[in-house]
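Asks: Provided herewith is a single structure, encoded as structure tokens, for subsequent inquiry.
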Amino acid sequence: MSASEVVAAAASDEAVRRRDHSAVLRIGEDDGERLEAEAGAGDTRMIMNMGPQHPSTHGVLRLMLEMEGETVMRSKPVIGYLHTGMEKTAENLTYLQGPTNVTRMDYASPLFSELAFSLATEALLGLEPPPRATWIRMLMCELNRISSHLLFQATNGMDIGAVSMMIYGWREREEALRLLETITGLRMNHNYIRPGGVAADLPDGWRDQVLGLMDALPPRLDEFDTLLTGQPIYRERLQGVGVINSAECLALGVTGPILRSTGYAWDLRRDMPYLAYDHVDFDVVVGTYGDCFDRYAIRLNEIRESIGILAQILDQMPPGDYRVQDKKVTPPPRARIDESMEALIHHFKIFTEGFKVPAGEVYAAVESPRGELGCYMVSDGSSVPYRMHIRGPSFVNLQTLPHLMQGGMVADAVAIISSVDPIMGEVDR
Amino acid sequence: MSAVVGPSVFGLDPLYIGGVGLAEVLITLLKVGAAFALLLMAVMLMIWFERKLISDMQNRIGPNLAGPFGIFQTLADGIKLFFKEDLIPERSDRLVFKLAPFLSLVPAFLVFAVVPVGGDFDGSDGRVSLFGHETFLQVSDPPVGILLVLAMSSVAVYGVMLAGWSSGSKYPLLASVRASAQMVSYEAALGLSLVAVLLKSGSLSTNQIVAEQSMWNWNLWVTWVVPMVVFLIAATAELNRPPFDLVEAEQELVGGFHTEYSSIRFALFFLAEFMNTITMSAIIVTLFLGGPNGPDFTTVGWLSGLLWFFVKLMLFLFAFVWLRATLPRFRYDQLMDLGWKLLIPLSLGWLLVLASYDIAGDRGWNRAAAVIAMLAVMAALAGLLALALRAARQRRELDPQGGFA
């Protein structure tokens, strides 16, 4: 093919793409302005760029919207503005350093990435963490689920224009974060769940603090109901907006509240139990219509379910060790380092060289607040992963955006981005 | 100069009855200056009040550093904005871009000129004595006062519309389209609910309207509440305040029509917006809540009116902030639905009911019967309209490509 033929083929290809009426806008990321200039006055469609700097694209998501007036016809999410190469970085970090890395992916629910990473590593090691570690992990994950869903309530309210909701959601989330900080030492990016158990035992008085949170939250959630759930404008804005059905969700690989909003009850905690979720009793909240309102209601009620799970965890929390006593994986106690040369060397080796993990590959998945969060890991027998891949639910769920937005208005597009609740750190990794 | 009391270019103000001399000019200038300063001060306090109040509603502290309770925050912001670099986008229409902020600001000032802020209306027509001259406590009382309000709020639309259009950017353009549709359609509801007041007052002069409402004869109940509710909703939309702030919906259109504005030009829009809130509240107080009317509890005659006026004004300012803290934003099509399908028919129907009630009273007919007959006629018309709409919809469903042919 000669050069001119290539250009002609590309041009006709482009012409085909411009007449395409599917939901996804298939043009280059820099082509918007040029195509608009070429289209001339007869073309009533306009290509609008939303993000990466935009108040409601939840970080650095960029959307190219093809619009007819205020109506969104096709759209194209453009990602990569927060790409930090975390999956590649993981190949240079030991298994003990790994959680520090993955915790920075989904910064709104960091403990779930740590958990998926740790579960994968433990599966490769053939290690079973002690029961107390398992239950502590559950406690932390449910607390984190609550804080993450509260963050959604805040941003969702703000995106719809209910500005006070932003503050209320954040206020409640701060209560949950304060508890997380008491236990892990950090508000975010905890590095608390590690291969072999957790970083530290629960502090004194944790039980009262969890009980305090469990008492404080339900009345606040009822206030959210008063402020938003029954609010006619709010319902008008969300009901019937961004509708998707189960078949489409499954075809796109969508999980989490978006899938459940279509009435498809899929929750890894119940359907593929990990940790000790088969020992606690909870409901999988599902919707009916698959619209933004269902996704809002599901997240609100999942907070209530999580509070129920917390109560059961408090009752069943077993005594014992908070990390596995396998000297290959676990550093020696702090006191031993002062008195024993071997312990000092042992400690030094574990934190510099790391521990070796048998060759093999494994996939471990957990139900994060956004859907199935999986960690796929390949080990070549050394102390760092040969390959580590995270199946980020935000990334997969982002595929729904063009389908949800088609035919809606700009205001709907904002509500839809909010209801998909993507965390760009996890999308770009 | 004749001493005839009647409509003139200077309005109905008794100040000009004896002719216009130096004293009259000076008094008028004094009133203009006072109104101007009052409004600017009020805007400054209003911004502070709104920020403090919404902070309270949201469990925040709000501005608290500049001056006691942060009361000088607005002043500090203004000074800061004044010294910011003034950017004009390359693609903008420079002349219109520079003109637009003034188109927003000037009408906001002018509307306040016809608002009677004080005066004793119980027994007299609200005139007070100023340096030995009788006058009204309003800058001007033109015989077409209320029309001036409507005209100015129409002009203000151009400020927003042209600002968005001239920016040469897509978000402001969308906001500009929203602005023209929203403000024009809500102006209809605004005007129609206002006609109900005019029907009862029989005058377009704001002073007359207030005088008609003396002795607790407030239009709020004289027009049976509904016109005021419609007017309040339409005014909120006209002001672009939440839940109708689509024109500057931050979450959707970044900054809306003022996305590309910076420095003092942005400050002018900001000023105009808050000034409009104040003047529109003042207009509602004038039209429906009897303006400065209220029981006199002071010894100085004119002070009581002034106090009552500001108490009522604060009521509405508080309500506007409250709405902003509570309600989510409407979507564009929902806003249009509310305006065209609910507010306009409601205010029109209400006007007809009020009119039939009055006419029945004048002619000595049975008032209840007249109102019921009116309602029946409207119901019949609404039924016919619904039938026509349904037929049209069915025809469109049968032949989606048919159009109007």
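Chains: A, B, ... in order of the structure tokens. Residues: from 1 per chain. Ligands: from 1, in order shown.
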Just want the 8 Å neighbourhood of B:Val321, counted on only C-alpha atoms, with same-chain residues fewer than 5 positions away dropped. Output as a compact mmCIF listing (two decimals) with N, CA and C atoms, in the first residue's frame.
Replies:
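Once everything was written out, this is out22.txt:
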# COMPACT_ATOMS: atom_id res chain seq x y z
N GLU B 50 -24.39 34.75 54.29
CA GLU B 50 -24.63 33.47 53.61
C GLU B 50 -23.55 32.46 53.96
N LEU B 53 -23.93 31.40 57.64
CA LEU B 53 -25.14 30.62 57.89
C LEU B 53 -25.01 29.23 57.30
N ILE B 54 -24.51 29.15 56.07
CA ILE B 54 -24.39 27.84 55.44
C ILE B 54 -23.31 27.02 56.15
Asks: Would you give me, as a ChimeraX atom specification, the residues of chain B that come within 8 Å of chain A, using only C-alpha atoms?
Replies: /B:57-59,170,174,243,249-252,254,324-332
Asks: Just the selected residues (C-alpha atoms), exported as a tab-separated table (two decimals), in the first residue's frame, please.
Replies:
chain	number	residue	atom	x	y	z
B	57	MET	CA	-25.90	24.39	58.61
B	58	GLN	CA	-22.99	22.26	57.48
B	59	ASN	CA	-21.21	21.98	60.83
B	170	LYS	CA	-17.79	25.49	25.29
B	174	LEU	CA	-23.75	25.76	27.25
B	243	PRO	CA	-31.77	24.66	43.31
B	249	ALA	CA	-23.58	24.54	37.92
B	250	GLU	CA	-20.07	23.94	39.13
B	251	GLN	CA	-20.30	20.17	38.98
B	252	GLU	CA	-21.44	20.20	35.37
B	254	VAL	CA	-17.19	24.11	35.87
B	324	ARG	CA	-29.08	26.41	48.92
B	325	ALA	CA	-27.98	24.29	51.87
B	326	THR	CA	-30.79	21.79	51.48
B	327	LEU	CA	-31.80	21.15	47.91
B	328	PRO	CA	-30.06	19.30	45.08
B	329	ARG	CA	-29.94	20.98	41.68
B	330	PHE	CA	-32.60	20.53	39.04
B	331	ARG	CA	-31.76	19.14	35.64
B	332	TYR	CA	-32.28	21.34	32.61
Asks: Please determine, counting only C-alpha atoms, which residue among A:Cys141, A:Ala133, A:Leu151, A:Val396 has the shortest atom-to-atom distance to A:Glu426.
Replies: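 Checking each of A:Cys141, A:Ala133, A:Leu151, A:Val396 against A:Glu426, counting only C-alpha atoms, the winner is A:Val396.
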Asks: Neighbours of B:Gln213 within 12 Å (only C-alpha atoms; same-chain residues fewer than 2 positions away dropped), as a ChimeraX atom specification?
Replies: /B:120-123,125-126,197-198,200-202,206-211,215-223,285-294
Asks: Restrict the selected residues to N, CA and C atoms and save them as an mmCIF file, in the first residue's frame.
Replies:
data_model
loop_
_atom_site.group_PDB
_atom_site.id
_atom_site.type_symbol
_atom_site.label_atom_id
_atom_site.label_comp_id
_atom_site.auth_asym_id
_atom_site.auth_seq_id
_atom_site.Cartn_x
_atom_site.Cartn_y
_atom_site.Cartn_z
ATOM 1 N N ASP B 120 -44.073 55.714 56.925
ATOM 2 C CA ASP B 120 -45.233 55.296 57.699
ATOM 3 C C ASP B 120 -46.431 55.225 56.778
ATOM 4 N N PHE B 121 -46.909 54.015 56.512
ATOM 5 C CA PHE B 121 -48.008 53.863 55.574
ATOM 6 C C PHE B 121 -49.361 53.737 56.272
ATOM 7 N N ASP B 122 -49.343 53.671 57.600
ATOM 8 C CA ASP B 122 -50.618 53.600 58.308
ATOM 9 C C ASP B 122 -51.196 55.004 58.407
ATOM 10 N N GLY B 123 -52.206 55.258 57.641
ATOM 11 C CA GLY B 123 -52.834 56.577 57.714
ATOM 12 C C GLY B 123 -52.338 57.535 56.663
ATOM 13 N N ASP B 125 -49.507 58.210 53.091
ATOM 14 C CA ASP B 125 -49.039 57.449 51.940
ATOM 15 C C ASP B 125 -47.544 57.182 52.016
ATOM 16 N N GLY B 126 -46.978 57.246 53.217
ATOM 17 C CA GLY B 126 -45.594 56.834 53.390
ATOM 18 C C GLY B 126 -44.592 57.944 53.225
ATOM 19 N N VAL B 197 -51.003 40.628 41.734
ATOM 20 C CA VAL B 197 -50.828 41.736 42.670
ATOM 21 C C VAL B 197 -51.356 43.030 42.068
ATOM 22 N N LEU B 198 -51.030 43.250 40.803
ATOM 23 C CA LEU B 198 -51.460 44.482 40.150
ATOM 24 C C LEU B 198 -52.983 44.565 40.095
ATOM 25 N N LYS B 200 -55.033 43.511 42.276
ATOM 26 C CA LYS B 200 -55.555 43.926 43.577
ATOM 27 C C LYS B 200 -55.172 45.373 43.896
ATOM 28 N N SER B 201 -53.956 45.757 43.511
ATOM 29 C CA SER B 201 -53.489 47.088 43.869
ATOM 30 C C SER B 201 -53.995 48.142 42.896
ATOM 31 N N GLY B 202 -54.170 47.774 41.663
ATOM 32 C CA GLY B 202 -54.634 48.725 40.677
ATOM 33 C C GLY B 202 -53.612 49.767 40.316
ATOM 34 N N THR B 206 -44.738 51.283 42.905
ATOM 35 C CA THR B 206 -44.421 50.486 44.087
ATOM 36 C C THR B 206 -44.945 51.147 45.349
ATOM 37 N N ASN B 207 -44.912 52.458 45.387
ATOM 38 C CA ASN B 207 -45.399 53.156 46.572
ATOM 39 C C ASN B 207 -46.891 52.903 46.767
ATOM 40 N N GLN B 208 -47.631 52.947 45.653
ATOM 41 C CA GLN B 208 -49.073 52.679 45.707
ATOM 42 C C GLN B 208 -49.331 51.255 46.160
ATOM 43 N N ILE B 209 -48.555 50.316 45.636
ATOM 44 C CA ILE B 209 -48.755 48.909 45.987
ATOM 45 C C ILE B 209 -48.565 48.720 47.482
ATOM 46 N N VAL B 210 -47.520 49.365 48.031
ATOM 47 C CA VAL B 210 -47.280 49.249 49.463
ATOM 48 C C VAL B 210 -48.394 49.943 50.242
ATOM 49 N N ALA B 211 -48.817 51.112 49.762
ATOM 50 C CA ALA B 211 -49.867 51.848 50.459
ATOM 51 C C ALA B 211 -51.164 51.043 50.499
ATOM 52 N N MET B 215 -52.433 48.557 56.980
ATOM 53 C CA MET B 215 -53.405 47.969 57.903
ATOM 54 C C MET B 215 -53.560 46.467 57.671
ATOM 55 N N TRP B 216 -52.441 45.748 57.592
ATOM 56 C CA TRP B 216 -52.406 44.275 57.483
ATOM 57 C C TRP B 216 -53.118 43.753 56.255
ATOM 58 N N ASN B 217 -53.337 44.604 55.281
ATOM 59 C CA ASN B 217 -54.022 44.179 54.072
ATOM 60 C C ASN B 217 -52.999 43.643 53.067
ATOM 61 N N TRP B 218 -52.124 42.721 53.539
ATOM 62 C CA TRP B 218 -50.999 42.288 52.724
ATOM 63 C C TRP B 218 -51.438 41.438 51.532
ATOM 64 N N ASN B 219 -50.735 41.618 50.454
ATOM 65 C CA ASN B 219 -51.081 40.881 49.237
ATOM 66 C C ASN B 219 -50.890 39.380 49.393
ATOM 67 N N LEU B 220 -50.047 39.015 50.376
ATOM 68 C CA LEU B 220 -49.823 37.586 50.615
ATOM 69 C C LEU B 220 -51.147 36.851 50.754
ATOM 70 N N TRP B 221 -52.054 37.410 51.602
ATOM 71 C CA TRP B 221 -53.354 36.743 51.731
ATOM 72 C C TRP B 221 -54.425 37.355 50.858
ATOM 73 N N VAL B 222 -54.233 38.607 50.455
ATOM 74 C CA VAL B 222 -55.228 39.208 49.562
ATOM 75 C C VAL B 222 -55.269 38.439 48.241
ATOM 76 N N THR B 223 -54.107 37.959 47.779
ATOM 77 C CA THR B 223 -54.090 37.186 46.526
ATOM 78 C C THR B 223 -54.079 35.690 46.803
ATOM 79 N N VAL B 285 -40.838 41.463 49.249
ATOM 80 C CA VAL B 285 -41.368 42.116 50.451
ATOM 81 C C VAL B 285 -42.322 43.241 50.052
ATOM 82 N N THR B 286 -41.919 44.017 49.043
ATOM 83 C CA THR B 286 -42.747 45.126 48.590
ATOM 84 C C THR B 286 -44.075 44.637 48.033
ATOM 85 N N LEU B 287 -44.014 43.589 47.226
ATOM 86 C CA LEU B 287 -45.209 43.149 46.518
ATOM 87 C C LEU B 287 -46.172 42.387 47.414
ATOM 88 N N PHE B 288 -45.635 41.529 48.270
ATOM 89 C CA PHE B 288 -46.516 40.598 48.970
ATOM 90 C C PHE B 288 -46.587 40.796 50.475
ATOM 91 N N LEU B 289 -45.531 41.317 51.077
ATOM 92 C CA LEU B 289 -45.519 41.397 52.542
ATOM 93 C C LEU B 289 -45.671 42.832 53.048
ATOM 94 N N GLY B 290 -46.204 43.694 52.225
ATOM 95 C CA GLY B 290 -46.523 45.031 52.702
ATOM 96 C C GLY B 290 -45.334 45.949 52.899
ATOM 97 N N GLY B 291 -44.195 45.633 52.345
ATOM 98 C CA GLY B 291 -43.037 46.529 52.428
ATOM 99 C C GLY B 291 -42.736 46.921 53.858
ATOM 100 N N PRO B 292 -42.655 48.221 54.123
ATOM 101 C CA PRO B 292 -42.308 48.668 55.480
ATOM 102 C C PRO B 292 -43.498 48.652 56.441
ATOM 103 N N ASN B 293 -44.635 48.113 56.030
ATOM 104 C CA ASN B 293 -45.793 48.080 56.920
ATOM 105 C C ASN B 293 -45.575 47.175 58.110
ATOM 106 N N GLY B 294 -46.133 47.568 59.231
ATOM 107 C CA GLY B 294 -46.038 46.747 60.430
ATOM 108 C C GLY B 294 -46.403 47.587 61.624
#
Asks: I'd like to know which residues of stretch 103-262 of chain B are strand (DSSP E) (by DSSP, run on the backbone); could you write them as a list of chain:residue names?
Replies: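 Secondary structure check on stretch 103-262 of chain B, strand (DSSP E): B:Arg127, B:Val128, B:Ser129, B:Leu130, B:His133, B:Glu134, B:Thr135, B:Phe136.
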Asks: Next, dump the selected residues to file, keeping only N, CA and C atoms, as a CSV table (one decimal), in the first residue's frame.
Replies:
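Now in part_21.csv:
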chain,number,residue,atom,x,y,z
B,127,ARG,N,-45.1,59.2,53.1
B,127,ARG,CA,-44.1,60.3,53.0
B,127,ARG,C,-43.4,60.6,54.3
B,128,VAL,N,-42.2,61.0,54.2
B,128,VAL,CA,-41.5,61.4,55.4
B,128,VAL,C,-40.9,62.8,55.1
B,129,SER,N,-40.5,63.4,56.2
B,129,SER,CA,-39.9,64.7,56.0
B,129,SER,C,-38.4,64.7,56.1
B,130,LEU,N,-37.8,65.2,55.0
B,130,LEU,CA,-36.4,65.2,54.9
B,130,LEU,C,-35.9,66.6,54.7
B,133,HIS,N,-38.5,68.9,53.5
B,133,HIS,CA,-39.2,68.5,52.3
B,133,HIS,C,-39.8,67.2,52.4
B,134,GLU,N,-41.1,67.1,52.0
B,134,GLU,CA,-41.8,65.8,52.0
B,134,GLU,C,-41.3,64.9,50.9
B,135,THR,N,-41.0,63.7,51.2
B,135,THR,CA,-40.6,62.8,50.1
B,135,THR,C,-40.8,61.3,50.6
B,136,PHE,N,-40.7,60.4,49.6
B,136,PHE,CA,-40.8,59.0,49.9
B,136,PHE,C,-39.4,58.4,50.2
Asks: Contacts of A:Gly407 at 12 Å or less, counting only C-alpha atoms, minus same-chain residues fewer than 5 places along, as a PyMOL selection string?
Replies: chain A and resi 21-24+65-75+241-243+401-402+412-413
Asks: Run DSSP on the backbone and give me the residues of stretch 305-361 of chain A it puts in helix (DSSP H, G or I), as a ChimeraX atom specification.
Replies: /A:305-316,334-339,341-352
Asks: Neighbours of A:Ala199 within 9 Å (only C-alpha atoms; same-chain residues fewer than 5 positions away dropped), as an MDAnalysis selection string?
Replies: chainID A and resid 184 191:194 322:323
Asks: Output the selection as a PDB file, in the first residue's frame - C-alpha atoms for each residue.
Replies:
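Dumped to selection10.pdb:
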ATOM      1  CA  THR A 184      -3.305   1.272  62.122  1.00  0.00           C
ATOM      2  CA  ASN A 191      -0.020  -0.920  55.156  1.00  0.00           C
ATOM      3  CA  TYR A 192      -1.739  -2.786  57.960  1.00  0.00           C
ATOM      4  CA  ILE A 193      -2.750  -6.083  56.378  1.00  0.00           C
ATOM      5  CA  ARG A 194       0.434  -7.925  55.476  1.00  0.00           C
ATOM      6  CA  TYR A 322      -2.438 -11.488  65.244  1.00  0.00           C
ATOM      7  CA  ARG A 323       0.158 -12.913  62.827  1.00  0.00           C
TER       8      ARG A 323
END
Asks: If we count only C-alpha atoms, what is near B:Ile284 at a cut-off of 9 Å, once residues fewer than 4 positions away on the same chain are taken out, given as a list in words?
Replies: Met228, Phe231, Leu232, Ala235, Thr279, Met280, Phe288, Leu289, Gly291, Leu313 and Phe316 of chain B
Asks: Could you write out that same residue set with N, CA and C atoms as a PDB file, in the first residue's frame?
Replies:
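See result_11.pdb below for the written result:
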ATOM      1  N   MET B 228     -47.608  34.400  45.562  1.00  0.00           N
ATOM      2  CA  MET B 228     -46.329  34.633  46.209  1.00  0.00           C
ATOM      3  C   MET B 228     -45.421  33.414  46.105  1.00  0.00           C
ATOM      4  N   PHE B 231     -44.157  33.330  42.662  1.00  0.00           N
ATOM      5  CA  PHE B 231     -43.191  34.412  42.471  1.00  0.00           C
ATOM      6  C   PHE B 231     -41.860  34.067  43.131  1.00  0.00           C
ATOM      7  N   LEU B 232     -41.930  33.475  44.310  1.00  0.00           N
ATOM      8  CA  LEU B 232     -40.705  33.121  45.034  1.00  0.00           C
ATOM      9  C   LEU B 232     -39.902  32.087  44.243  1.00  0.00           C
ATOM     10  N   ALA B 235     -38.592  33.663  41.116  1.00  0.00           N
ATOM     11  CA  ALA B 235     -37.514  34.605  41.440  1.00  0.00           C
ATOM     12  C   ALA B 235     -36.226  33.859  41.723  1.00  0.00           C
ATOM     13  N   THR B 279     -32.085  42.598  46.067  1.00  0.00           N
ATOM     14  CA  THR B 279     -33.146  43.422  45.458  1.00  0.00           C
ATOM     15  C   THR B 279     -34.391  42.586  45.196  1.00  0.00           C
ATOM     16  N   MET B 280     -34.196  41.322  44.785  1.00  0.00           N
ATOM     17  CA  MET B 280     -35.372  40.496  44.515  1.00  0.00           C
ATOM     18  C   MET B 280     -36.127  40.214  45.811  1.00  0.00           C
ATOM     19  N   PHE B 288     -45.635  41.529  48.270  1.00  0.00           N
ATOM     20  CA  PHE B 288     -46.516  40.598  48.970  1.00  0.00           C
ATOM     21  C   PHE B 288     -46.587  40.796  50.475  1.00  0.00           C
ATOM     22  N   LEU B 289     -45.531  41.317  51.077  1.00  0.00           N
ATOM     23  CA  LEU B 289     -45.519  41.397  52.542  1.00  0.00           C
ATOM     24  C   LEU B 289     -45.671  42.832  53.048  1.00  0.00           C
ATOM     25  N   GLY B 291     -44.195  45.633  52.345  1.00  0.00           N
ATOM     26  CA  GLY B 291     -43.037  46.529  52.428  1.00  0.00           C
ATOM     27  C   GLY B 291     -42.736  46.921  53.858  1.00  0.00           C
ATOM     28  N   LEU B 313     -36.944  41.457  54.933  1.00  0.00           N
ATOM     29  CA  LEU B 313     -35.897  41.193  53.954  1.00  0.00           C
ATOM     30  C   LEU B 313     -35.020  40.022  54.425  1.00  0.00           C
ATOM     31  N   PHE B 316     -36.323  36.533  53.860  1.00  0.00           N
ATOM     32  CA  PHE B 316     -36.145  35.940  52.536  1.00  0.00           C
ATOM     33  C   PHE B 316     -34.688  35.591  52.264  1.00  0.00           C
TER      34      PHE B 316
END
Asks: Name the closest residue to B:Ser356 among the candidates B:Pro295, B:Asp13, B:Leu199, B:Ile47; distances are taken between atoms, counting only C-alpha atoms.
Replies: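 Going through B:Pro295, B:Asp13, B:Leu199, B:Ile47 one by one, the smallest distance to B:Ser356 is for B:Leu199.
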Asks: Can you tell me which residues surround B:Leu239 at a distance of at most 10 Å, considering only C-alpha atoms, apart from same-chain residues fewer than 2 positions away, and format the answer as number ranges by chain?
Replies: B: 153, 156-157, 183, 233-237, 241-242, 244-245, 272-277, 280
Asks: Go ahead and compute the interatomic distance for atom CA of A:Leu96 and atom CA of A:Tyr376, in Å to one decimal.
Replies: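 Calculated distance between atom CA of A:Leu96 and atom CA of A:Tyr376 is 16.4 Å.
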